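final27.tsv follows; it contains TSV, C-alpha atoms.
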```
chain	number	residue	atom	x	y	z
A	30	MET	CA	-16.95	16.58	-2.22
A	31	LEU	CA	-14.09	17.88	-0.14
A	32	SER	CA	-13.28	21.62	-0.29
A	33	GLN	CA	-9.96	22.94	-1.60
A	34	GLU	CA	-8.90	23.59	1.99
A	35	GLY	CA	-9.80	20.02	2.98
A	36	MET	CA	-7.88	18.59	0.03
A	37	ARG	CA	-4.84	20.66	0.93
A	38	MET	CA	-4.99	19.48	4.55
A	39	LEU	CA	-5.38	15.83	3.50
A	40	ASN	CA	-2.40	16.17	1.19
A	41	ASP	CA	-0.31	17.66	4.02
A	42	ILE	CA	-1.34	14.78	6.30
A	43	SER	CA	-0.20	12.29	3.64
A	44	ILE	CA	3.19	13.99	3.40
A	45	VAL	CA	3.78	14.02	7.15
A	46	ASP	CA	2.50	10.46	7.56
A	47	PHE	CA	4.85	9.29	4.82
A	48	VAL	CA	7.74	10.64	6.91
A	49	LEU	CA	6.48	8.52	9.83
A	50	VAL	CA	5.99	5.33	7.77
A	51	ASP	CA	9.44	5.57	6.24
A	52	LEU	CA	11.09	6.54	9.52
A	53	SER	CA	9.43	3.75	11.50
A	54	LEU	CA	10.84	1.15	9.07
A	55	TYR	CA	14.26	2.79	9.40
A	56	LEU	CA	13.98	2.71	13.20
A	57	ASP	CA	12.98	-0.97	13.08
A	58	THR	CA	16.49	-1.72	11.82
A	59	HIS	CA	18.27	1.18	13.63
A	60	PRO	CA	16.57	1.07	17.05
A	61	PHE	CA	19.21	3.17	18.83
A	62	ASP	CA	19.48	6.08	16.37
A	63	GLN	CA	18.76	9.05	18.67
A	64	GLU	CA	18.56	11.60	15.87
A	65	ALA	CA	16.00	9.51	13.95
A	66	MET	CA	13.92	9.08	17.11
A	67	GLU	CA	13.88	12.84	17.76
A	68	TYR	CA	12.79	13.37	14.16
A	69	PHE	CA	10.06	10.76	14.60
A	70	ASN	CA	8.84	12.29	17.88
A	71	HIS	CA	8.63	15.73	16.27
A	72	TYR	CA	6.60	14.61	13.25
A	73	VAL	CA	4.32	12.20	15.11
A	74	ARG	CA	3.05	15.13	17.23
A	75	ILE	CA	2.43	17.20	14.08
A	76	LYS	CA	0.62	14.30	12.38
A	77	ASN	CA	-1.63	13.67	15.39
A	78	LYS	CA	-2.62	17.34	15.58
A	79	MET	CA	-3.26	17.59	11.83
A	80	SER	CA	-5.33	14.42	11.88
A	81	ARG	CA	-7.46	15.66	14.81
A	82	ASP	CA	-7.98	19.08	13.17
A	83	PHE	CA	-8.96	17.48	9.85
A	84	SER	CA	-11.37	15.03	11.50
A	85	MET	CA	-13.13	17.86	13.37
A	86	ARG	CA	-13.52	20.04	10.28
A	87	PHE	CA	-14.16	17.53	7.49
A	88	PHE	CA	-14.59	13.81	8.18
A	89	PRO	CA	-13.05	11.36	10.66
A	90	LEU	CA	-9.89	9.69	9.36
A	91	THR	CA	-10.09	6.96	12.01
A	92	THR	CA	-12.93	5.57	14.15
A	93	ASP	CA	-11.36	7.02	17.31
A	94	GLN	CA	-12.05	10.45	15.81
A	95	ALA	CA	-15.59	9.57	14.72
A	96	GLU	CA	-17.64	10.88	17.65
A	97	SER	CA	-21.06	11.66	16.15
A	98	LYS	CA	-24.36	13.26	17.17
A	99	LYS	CA	-27.15	13.25	14.56
A	100	GLU	CA	-25.46	11.19	11.87
A	101	TRP	CA	-22.77	8.50	11.97
A	102	ARG	CA	-19.87	10.56	10.56
A	103	TRP	CA	-17.66	7.56	9.83
A	104	GLY	CA	-20.35	6.02	7.62
A	105	THR	CA	-20.86	9.16	5.54
A	106	ALA	CA	-17.15	9.94	5.05
A	107	PRO	CA	-15.84	9.71	1.45
A	108	LEU	CA	-14.27	6.42	0.28
A	109	PRO	CA	-10.61	7.05	-0.53
A	110	TRP	CA	-10.48	4.76	-3.59
A	111	GLU	CA	-13.15	6.83	-5.35
A	112	GLY	CA	-10.59	9.57	-6.05
A	113	GLU	CA	-10.93	13.37	-5.74
A	114	CYS	CA	-12.36	13.12	-2.26
B	13	MET	CA	-4.84	-6.13	15.05
B	14	TRP	CA	-5.35	-3.32	12.59
B	15	SER	CA	-7.22	-0.06	12.34
B	16	TYR	CA	-8.14	1.67	9.12
B	17	GLU	CA	-7.21	5.21	8.12
B	18	ARG	CA	-9.65	6.68	5.65
B	19	ARG	CA	-7.19	7.85	2.99
B	20	LEU	CA	-4.81	6.26	0.48
B	21	GLN	CA	-1.09	6.25	1.29
B	22	PHE	CA	-0.61	7.98	-2.08
B	23	PRO	CA	-3.56	9.72	-3.80
B	24	VAL	CA	-5.13	8.18	-6.94
B	25	ASN	CA	-7.17	10.54	-9.14
B	26	ILE	CA	-7.45	9.10	-12.66
B	27	LYS	CA	-9.48	11.13	-15.16
B	28	GLU	CA	-9.21	8.93	-18.29
B	29	PRO	CA	-10.35	5.28	-18.09
B	30	ASN	CA	-8.10	2.75	-19.83
B	31	ALA	CA	-9.26	-0.87	-19.60
B	32	GLN	CA	-6.26	-2.22	-21.47
B	33	LEU	CA	-3.85	-0.72	-18.95
B	34	ALA	CA	-6.04	-1.92	-16.06
B	35	GLN	CA	-5.52	-5.51	-17.28
B	36	ALA	CA	-1.74	-5.11	-16.96
B	37	ILE	CA	-1.79	-3.27	-13.62
B	38	ILE	CA	-4.12	-5.83	-11.98
B	39	SER	CA	-1.06	-8.11	-11.82
B	40	GLN	CA	0.19	-6.01	-8.93
B	41	PHE	CA	-3.12	-6.74	-7.15
B	42	GLY	CA	-3.22	-10.53	-7.42
B	43	GLY	CA	-0.27	-11.53	-9.60
B	44	PRO	CA	2.92	-13.46	-8.72
B	45	ASP	CA	4.84	-10.38	-7.50
B	46	GLY	CA	1.84	-8.30	-6.48
B	47	GLU	CA	0.88	-6.53	-3.29
B	48	LEU	CA	-1.48	-9.25	-2.04
B	49	ALA	CA	1.36	-11.80	-2.18
B	50	ALA	CA	3.69	-9.26	-0.55
B	51	SER	CA	1.41	-8.48	2.39
B	52	MET	CA	0.48	-12.14	2.98
B	53	ARG	CA	4.16	-13.18	2.75
B	54	TYR	CA	5.35	-10.84	5.51
B	55	LEU	CA	2.27	-11.11	7.69
B	56	SER	CA	2.59	-14.94	7.58
B	57	GLN	CA	6.35	-15.08	8.12
B	58	LYS	CA	6.30	-12.84	11.20
B	59	PHE	CA	4.89	-15.47	13.57
B	60	ALA	CA	7.81	-17.91	13.48
B	61	THR	CA	10.51	-15.22	13.20
B	62	PRO	CA	12.84	-15.72	16.18
B	63	TYR	CA	14.08	-12.11	16.46
B	64	LYS	CA	11.79	-9.39	17.79
B	65	GLU	CA	13.23	-6.62	15.58
B	66	VAL	CA	12.84	-8.68	12.42
B	67	ALA	CA	9.32	-9.86	13.33
B	68	GLY	CA	8.39	-6.21	13.97
B	69	LEU	CA	9.83	-5.16	10.62
B	70	LEU	CA	7.87	-7.90	8.82
B	71	ASN	CA	4.71	-6.72	10.56
B	72	ASP	CA	5.29	-3.07	9.63
B	73	ILE	CA	6.23	-3.73	6.00
B	74	GLY	CA	3.34	-6.22	5.68
B	75	THR	CA	1.01	-3.50	6.96
B	76	GLU	CA	2.34	-0.95	4.46
B	77	GLU	CA	1.81	-3.55	1.69
B	78	LEU	CA	-1.89	-3.73	2.60
B	79	GLY	CA	-2.00	0.00	1.92
B	80	HIS	CA	-0.29	-0.63	-1.44
B	81	LEU	CA	-2.87	-3.32	-2.29
B	82	GLU	CA	-5.50	-0.64	-1.75
B	83	ILE	CA	-3.67	1.83	-4.06
B	84	ILE	CA	-3.49	-0.77	-6.86
B	85	GLY	CA	-7.17	-1.62	-6.33
B	86	ALA	CA	-8.02	2.08	-6.59
B	87	ILE	CA	-6.00	2.42	-9.83
B	88	VAL	CA	-7.69	-0.60	-11.48
B	89	PHE	CA	-11.10	0.55	-10.23
B	90	GLN	CA	-10.69	4.09	-11.57
B	91	LEU	CA	-9.22	2.87	-14.89
B	92	THR	CA	-12.33	0.73	-15.50
B	93	ARG	CA	-14.96	3.11	-14.10
B	94	ASN	CA	-17.84	4.13	-16.38
B	95	LEU	CA	-16.71	2.05	-19.36
B	96	CYS	CA	-19.19	1.56	-22.18
B	97	MET	CA	-19.68	-1.89	-23.76
B	98	GLU	CA	-17.86	-0.83	-26.91
B	99	GLU	CA	-14.73	0.11	-24.92
B	100	ILE	CA	-14.91	-3.16	-22.98
B	101	GLU	CA	-14.96	-5.20	-26.20
B	102	LYS	CA	-12.36	-3.11	-28.04
B	103	SER	CA	-9.82	-3.14	-25.19
B	104	GLY	CA	-9.97	-6.92	-24.69
B	105	PHE	CA	-11.42	-6.39	-21.21
B	106	ASP	CA	-14.42	-8.56	-22.19
B	107	LYS	CA	-12.74	-11.75	-20.93
B	108	TYR	CA	-12.37	-10.28	-17.43
B	109	TYR	CA	-15.77	-8.58	-17.61
B	110	VAL	CA	-17.66	-11.81	-18.25
B	111	ASP	CA	-16.58	-13.26	-14.89
B	112	HIS	CA	-16.23	-10.17	-12.69
B	113	THR	CA	-18.14	-7.31	-14.35
B	114	LEU	CA	-16.21	-4.28	-12.99
B	115	GLY	CA	-15.42	-5.91	-9.64
B	116	ILE	CA	-11.78	-6.01	-8.53
B	117	TRP	CA	-10.54	-9.61	-8.23
B	118	PRO	CA	-6.99	-10.80	-7.48
B	119	GLN	CA	-5.50	-12.23	-10.64
B	120	ALA	CA	-2.34	-11.91	-12.72
B	121	ALA	CA	-2.31	-9.95	-15.98
B	122	GLY	CA	-2.60	-13.25	-17.88
B	123	GLY	CA	-5.78	-14.19	-15.98
B	124	ILE	CA	-4.22	-16.67	-13.52
B	125	PRO	CA	-5.98	-16.41	-10.13
B	126	PHE	CA	-4.08	-15.42	-6.99
B	127	ASN	CA	-2.37	-18.40	-5.42
B	128	ALA	CA	-0.59	-18.66	-2.03
B	129	CYS	CA	2.16	-20.59	-3.88
B	130	GLU	CA	3.37	-17.17	-5.08
B	131	PHE	CA	5.09	-16.78	-1.70
B	132	GLN	CA	6.83	-18.87	0.91
B	133	SER	CA	6.83	-18.89	4.69
B	134	LYS	CA	9.64	-21.30	5.46
B	135	GLY	CA	10.12	-20.91	9.21
B	136	ASP	CA	13.82	-20.21	8.62
B	137	ILE	CA	14.76	-16.57	9.06
B	138	ILE	CA	17.63	-16.60	6.55
B	139	THR	CA	15.50	-18.29	3.89
B	140	ASP	CA	12.57	-15.95	4.54
B	141	LEU	CA	14.64	-12.75	4.47
B	142	PHE	CA	16.30	-13.70	1.18
B	143	GLU	CA	12.90	-14.57	-0.28
B	144	ASP	CA	11.68	-11.14	0.88
B	145	MET	CA	14.57	-9.28	-0.73
B	146	ALA	CA	14.03	-11.17	-3.99
B	147	ALA	CA	10.30	-10.43	-3.80
B	148	GLU	CA	10.93	-6.70	-3.50
B	149	GLN	CA	13.16	-6.76	-6.59
B	150	LYS	CA	10.61	-8.81	-8.56
B	151	ALA	CA	7.92	-6.29	-7.67
B	152	ARG	CA	10.27	-3.44	-8.65
B	153	SER	CA	10.85	-5.09	-12.07
B	154	THR	CA	7.08	-5.45	-12.54
B	155	TYR	CA	6.58	-1.75	-11.77
B	156	ASP	CA	9.35	-0.92	-14.27
B	157	ASN	CA	7.46	-2.98	-16.89
B	158	ILE	CA	4.19	-1.21	-16.03
B	159	LEU	CA	5.87	2.20	-16.34
B	160	ARG	CA	6.95	1.30	-19.88
B	161	LEU	CA	3.27	0.73	-20.73
B	162	VAL	CA	1.92	3.94	-19.15
B	163	ASP	CA	1.64	7.43	-20.68
B	164	ASP	CA	-0.98	8.88	-18.33
B	165	PRO	CA	0.69	10.99	-15.58
B	166	ASP	CA	-2.27	10.28	-13.26
B	167	VAL	CA	-1.29	6.58	-13.37
B	168	CYS	CA	2.49	7.12	-13.46
B	169	ALA	CA	2.63	9.05	-10.17
B	170	PRO	CA	1.26	6.35	-7.84
B	171	ILE	CA	3.10	3.57	-9.75
B	172	ARG	CA	6.40	5.45	-9.33
B	173	PHE	CA	5.70	5.87	-5.63
B	174	LEU	CA	5.06	2.13	-5.25
B	175	ARG	CA	8.22	1.29	-7.19
B	176	GLU	CA	10.30	3.43	-4.84
B	177	ARG	CA	8.84	1.69	-1.81
B	178	GLU	CA	10.05	-1.69	-3.16
B	179	ILE	CA	13.60	-0.33	-3.10
B	180	VAL	CA	13.28	0.96	0.48
B	181	HIS	CA	11.81	-2.36	1.67
B	182	PHE	CA	14.64	-4.25	-0.04
B	183	GLN	CA	17.11	-2.08	1.85
B	184	ARG	CA	15.40	-2.63	5.21
B	185	PHE	CA	15.23	-6.43	4.73
B	186	GLY	CA	18.95	-6.40	3.92
B	187	GLU	CA	19.61	-4.53	7.17
B	188	ALA	CA	17.44	-7.01	9.10
B	189	ASP	CA	19.85	-9.75	8.00
B	190	ARG	CA	22.74	-8.03	9.83
B	191	GLU	CA	23.91	-9.31	13.19
B	192	ASP	CA	23.69	-5.91	14.93
B	193	CYS	CA	20.01	-5.53	14.08
B	194	SER	CA	18.66	-8.99	14.77
B	195	LYS	CA	20.28	-9.77	18.09
B	196	SER	CA	17.49	-9.94	20.66
B	197	ALA	CA	15.99	-13.41	20.31
B	198	ILE	CA	12.41	-13.82	21.53
B	199	THR	CA	12.46	-15.89	24.73
```
Please re-express this file's structure in structure tokens.
Amino acid sequence: MLSQEGMRMLNDISIVDFVLVDLSLYLDTHPFDQEAMEYFNHYVRIKNKMSRDFSMRFFPLTTDQAESKKEWRWGTAPLPWEGEC
Amino acid sequence: MWSYERRLQFPVNIKEPNAQLAQAIISQFGGPDGELAASMRYLSQKFATPYKEVAGLLNDIGTEELGHLEIIGAIVFQLTRNLCMEEIEKSGFDKYYVDHTLGIWPQAAGGIPFNACEFQSKGDIITDLFEDMAAEQKARSTYDNILRLVDDPDVCAPIRFLREREIVHFQRFGEADREDCSKSAIT
């Protein structure tokens, strides 16, 4: 079970990542929009930092953040479709 | 290729199971205008798309649709979790239960299995883009119908999110059909 702090961080990651998903589709059809690219560059750095911080403190969000010692952290991470994780 | 991110694009935390509603919502998993058809449509069409920008857009929207398939799967899963036999019989879920227990299987609300004939990959960019725009509107209509059947705010929130994405994708496909976007042919 994820702590309150973990749930808050995961929620923040979802919000920032949604900006990136929506913006990348916009940029696919507006590939020369400088303002949109600056916006994307700004939020992609924030998302990467948040994702790294979350993976260190709670569980790895991706396999490239799943470095493990005693236990395979990727395998023990919660399954997102279970809810309240 | 793809890599997985261990979270849903929009969170799903359903407290009250509702097998009757699950039977309607499963249509967006494996039904005619569902997320499986959507993702397979765009991820199939991309290969023969002659413009790099449009092929890239199909790939990116197709990828997002895989995330939506997962959200719908999570909704159906949580709506049918921990059901007792009495609830399964009373809700009419028994017909699904007999073949799949509580497993998630791609079918339409009426029980028709997923079929690749739900989408087209025509190898003609104009035909494909118009099919894609129509598909987004059909999915939006289906989400509107689902919202008329839902009272539970835990279910409404992710369904509303998915409905909004159909509108954005429709917009982007319309832009892809403009000359100024799709101008660099793949050589």
Would you kindly report the residues of chain B within 9 Å of chain A, using all atoms listed in the file, as a compact mmCIF listing (two decimals) with C-alpha atoms, in the coordinates of the input?
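Generated file (part_0.txt):
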```
# COMPACT_ATOMS: atom_id res chain seq x y z
CA SER B 15 -7.22 -0.06 12.34
CA TYR B 16 -8.14 1.67 9.12
CA GLU B 17 -7.21 5.21 8.12
CA ARG B 18 -9.65 6.68 5.65
CA ARG B 19 -7.19 7.85 2.99
CA LEU B 20 -4.81 6.26 0.48
CA GLN B 21 -1.09 6.25 1.29
CA PHE B 22 -0.61 7.98 -2.08
CA PRO B 23 -3.56 9.72 -3.80
CA VAL B 24 -5.13 8.18 -6.94
CA ASN B 25 -7.17 10.54 -9.14
CA ILE B 26 -7.45 9.10 -12.66
CA GLU B 65 13.23 -6.62 15.58
CA VAL B 66 12.84 -8.68 12.42
CA GLY B 68 8.39 -6.21 13.97
CA LEU B 69 9.83 -5.16 10.62
CA ASP B 72 5.29 -3.07 9.63
CA ILE B 73 6.23 -3.73 6.00
CA GLU B 76 2.34 -0.95 4.46
CA GLU B 82 -5.50 -0.64 -1.75
CA ILE B 83 -3.67 1.83 -4.06
CA GLY B 85 -7.17 -1.62 -6.33
CA ALA B 86 -8.02 2.08 -6.59
CA ILE B 87 -6.00 2.42 -9.83
CA PHE B 89 -11.10 0.55 -10.23
CA GLN B 90 -10.69 4.09 -11.57
CA ARG B 177 8.84 1.69 -1.81
CA VAL B 180 13.28 0.96 0.48
CA HIS B 181 11.81 -2.36 1.67
CA ARG B 184 15.40 -2.63 5.21
CA PHE B 185 15.23 -6.43 4.73
CA GLU B 187 19.61 -4.53 7.17
CA ALA B 188 17.44 -7.01 9.10
CA ASP B 192 23.69 -5.91 14.93
CA CYS B 193 20.01 -5.53 14.08
CA SER B 194 18.66 -8.99 14.77
```
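Excluding His71 of chain A and any residue on its chain fewer than 3 positions from it, the residues at most 12 Å away by only C-alpha atoms are Val45, Asp46, Val48, Leu49, Leu52, Glu64, Ala65, Met66, Glu67, Tyr68, Arg74, Ile75, Lys76, Asn77 and Lys78 of chain A.
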**Q.** Point (-10.9, 2.3, -23.7) neighbourhood (12 Å, only C-alpha atoms) written as a PyMOL selection string
**A.** chain B and resi 28-35+91-106
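Taking atom CA of Arg160 of chain B and atom CA of Glu143 of chain B as the two end points, the separation is 25.9 Å.
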Q: Using only C-alpha atoms, find the one residue out of B:Thr139, B:Phe173, B:Leu81, B:Met52 that sits nearest to Asp156 of chain B.
A: B:Phe173
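Atom pair atom CA of Leu70 of chain B / atom CA of Leu55 of chain B: separated by 6.6 Å.
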**Q.** Pairwise distance for atom CA of Gly43 of chain B and atom CA of Thr61 of chain B, rounded to one decimal in Å
**A.** 25.5 Å
